[in-house]
Amino acid sequence: MKKRYKIIMISLLVTLLVMVRYFENQLFYDPLLKFYEADYLNHSFPYFETGKLFFNVLLRYLINSIISLGILYVTFFDKNILEFSVYLFSIFFVICFTVFVVLIFEIESQNFLALFYVRRFLIHPIFVLILMPAFYYYRRKNGHKLKS
């Protein structure tokens with residue numbers, strides 16, 4: 001793939017990630033957004049529909065993951081990297097979502113910050129920011145030429 005097409009594709013995919021973030025209030029049910037924007041340590045934990053919250057966190061993670069996987073694939077154009085990334089995204093989701101569920105059901109004021117960060121990892125495409133330089137470094141170290 002030519003370099004300019006790669007740049008255009010990656011730019012479009014990053015724009016999609018930005019749009020998911022920008023329209024998060026309209027697209028997803030998440031009463032924790034307003035809770036954490038306010039002085040959450042001095043407020044009680046908000047009421048929420050558990051199933052609806054879990055589904056929306058899953059949906060947002062899925063959307064962000066698909067876009068992130070697209071970015072990784074366009075960047076490296078390597079099916080092995082894509083397969084490995086899908087595996088890592090899946091493991092990461094299972095671990096973080098399990099911790100998220102436990103924190104939601106066992107919430108106490110000292111766990112508010114832990115819940116905030118675990119939720120943050122689930123609803124934002126942070127994992128692509130970790131994998132991109134890791135794969136780049138791996139390919140450089142092992143002498144693979146990045147395809148343009």
# chains A, B, ... in the order shown; residues from 1 in each chain; ligands from 1
$ closest_atom_pairs --of "range 22-41 of chain A" --to "range 118-134 of chain A" --cutoff "12 Å" --atoms "only C-alpha atoms" --output "JSON lines"
{"residue": "A:Tyr22", "atom": "CA", "partner": "A:His124", "partner_atom": "CA", "distance": 11.6}
{"residue": "A:Glu24", "atom": "CA", "partner": "A:Ile123", "partner_atom": "CA", "distance": 9.6}
{"residue": "A:Phe28", "atom": "CA", "partner": "A:Ile123", "partner_atom": "CA", "distance": 10.2}
{"residue": "A:Tyr29", "atom": "CA", "partner": "A:Ile123", "partner_atom": "CA", "distance": 11.7}
{"residue": "A:Asp30", "atom": "CA", "partner": "A:Ile123", "partner_atom": "CA", "distance": 10.2}
{"residue": "A:Leu32", "atom": "CA", "partner": "A:Arg119", "partner_atom": "CA", "distance": 9.2}
{"residue": "A:Leu33", "atom": "CA", "partner": "A:Arg119", "partner_atom": "CA", "distance": 10.1}
{"residue": "A:Tyr36", "atom": "CA", "partner": "A:Arg120", "partner_atom": "CA", "distance": 10.9}
$ write_last_selection --atoms "N, CA, C and O atoms" --output "PDB file, in the first residue's frame"
ATOM      1  N   TYR A  22     -16.124  11.928  20.995  1.00  0.00           N
ATOM      2  CA  TYR A  22     -16.862  13.189  20.953  1.00  0.00           C
ATOM      3  C   TYR A  22     -18.367  12.967  21.145  1.00  0.00           C
ATOM      4  O   TYR A  22     -19.029  13.746  21.828  1.00  0.00           O
ATOM      5  N   GLU A  24     -19.798  10.392  22.685  1.00  0.00           N
ATOM      6  CA  GLU A  24     -20.007   9.341  23.680  1.00  0.00           C
ATOM      7  C   GLU A  24     -21.319   9.502  24.448  1.00  0.00           C
ATOM      8  O   GLU A  24     -21.980   8.508  24.760  1.00  0.00           O
ATOM      9  N   PHE A  28     -23.688   6.181  23.886  1.00  0.00           N
ATOM     10  CA  PHE A  28     -23.578   5.157  24.919  1.00  0.00           C
ATOM     11  C   PHE A  28     -24.248   5.574  26.218  1.00  0.00           C
ATOM     12  O   PHE A  28     -24.215   6.740  26.603  1.00  0.00           O
ATOM     13  N   TYR A  29     -24.804   4.593  26.887  1.00  0.00           N
ATOM     14  CA  TYR A  29     -25.366   4.787  28.218  1.00  0.00           C
ATOM     15  C   TYR A  29     -24.230   4.627  29.217  1.00  0.00           C
ATOM     16  O   TYR A  29     -23.620   3.561  29.313  1.00  0.00           O
ATOM     17  N   ASP A  30     -23.911   5.684  29.938  1.00  0.00           N
ATOM     18  CA  ASP A  30     -22.843   5.616  30.936  1.00  0.00           C
ATOM     19  C   ASP A  30     -23.051   6.699  31.990  1.00  0.00           C
ATOM     20  O   ASP A  30     -22.540   7.811  31.875  1.00  0.00           O
ATOM     21  N   LEU A  32     -21.716   6.899  34.706  1.00  0.00           N
ATOM     22  CA  LEU A  32     -20.468   7.159  35.410  1.00  0.00           C
ATOM     23  C   LEU A  32     -19.710   8.344  34.809  1.00  0.00           C
ATOM     24  O   LEU A  32     -18.843   8.916  35.471  1.00  0.00           O
ATOM     25  N   LEU A  33     -20.029   8.721  33.574  1.00  0.00           N
ATOM     26  CA  LEU A  33     -19.381   9.887  32.957  1.00  0.00           C
ATOM     27  C   LEU A  33     -19.628  11.138  33.794  1.00  0.00           C
ATOM     28  O   LEU A  33     -18.694  11.860  34.150  1.00  0.00           O
ATOM     29  N   TYR A  36     -18.026  10.980  37.445  1.00  0.00           N
ATOM     30  CA  TYR A  36     -16.597  11.279  37.548  1.00  0.00           C
ATOM     31  C   TYR A  36     -16.249  12.699  37.122  1.00  0.00           C
ATOM     32  O   TYR A  36     -15.185  13.198  37.473  1.00  0.00           O
TER      33      TYR A  36
END
$ select_by_dssp --residues "range 1-34 of chain A" --states "helix (DSSP H, G or I)" --output "PyMOL selection string"
chain A and resi 3-22+24-27+32-34
$ closest_residue --among "A:Leu58, A:Leu69, A:Ile10, A:Leu82" --to "Thr98 in chain A" --atoms "only C-alpha atoms"
A:Leu58
$ residues_around --residues "Val102 in chain A" --least-positions-apart "6" --cutoff "12 Å" --atoms "only C-alpha atoms" --output "PyMOL selection string"
chain A and resi 54+95-96+108+111+114-115+118-119
$ atom_distance --atom1 "CA of Leu12 in chain A" --atom2 "CA of Tyr61 in chain A"
18.6 Å
$ residues_around --residues "Tyr73 in chain A" --least-positions-apart "3" --cutoff "12 Å" --atoms "only C-alpha atoms" --output "PyMOL selection string"
chain A and resi 1+6+9-10+13+65-70+76-86+128+131-132+135+147
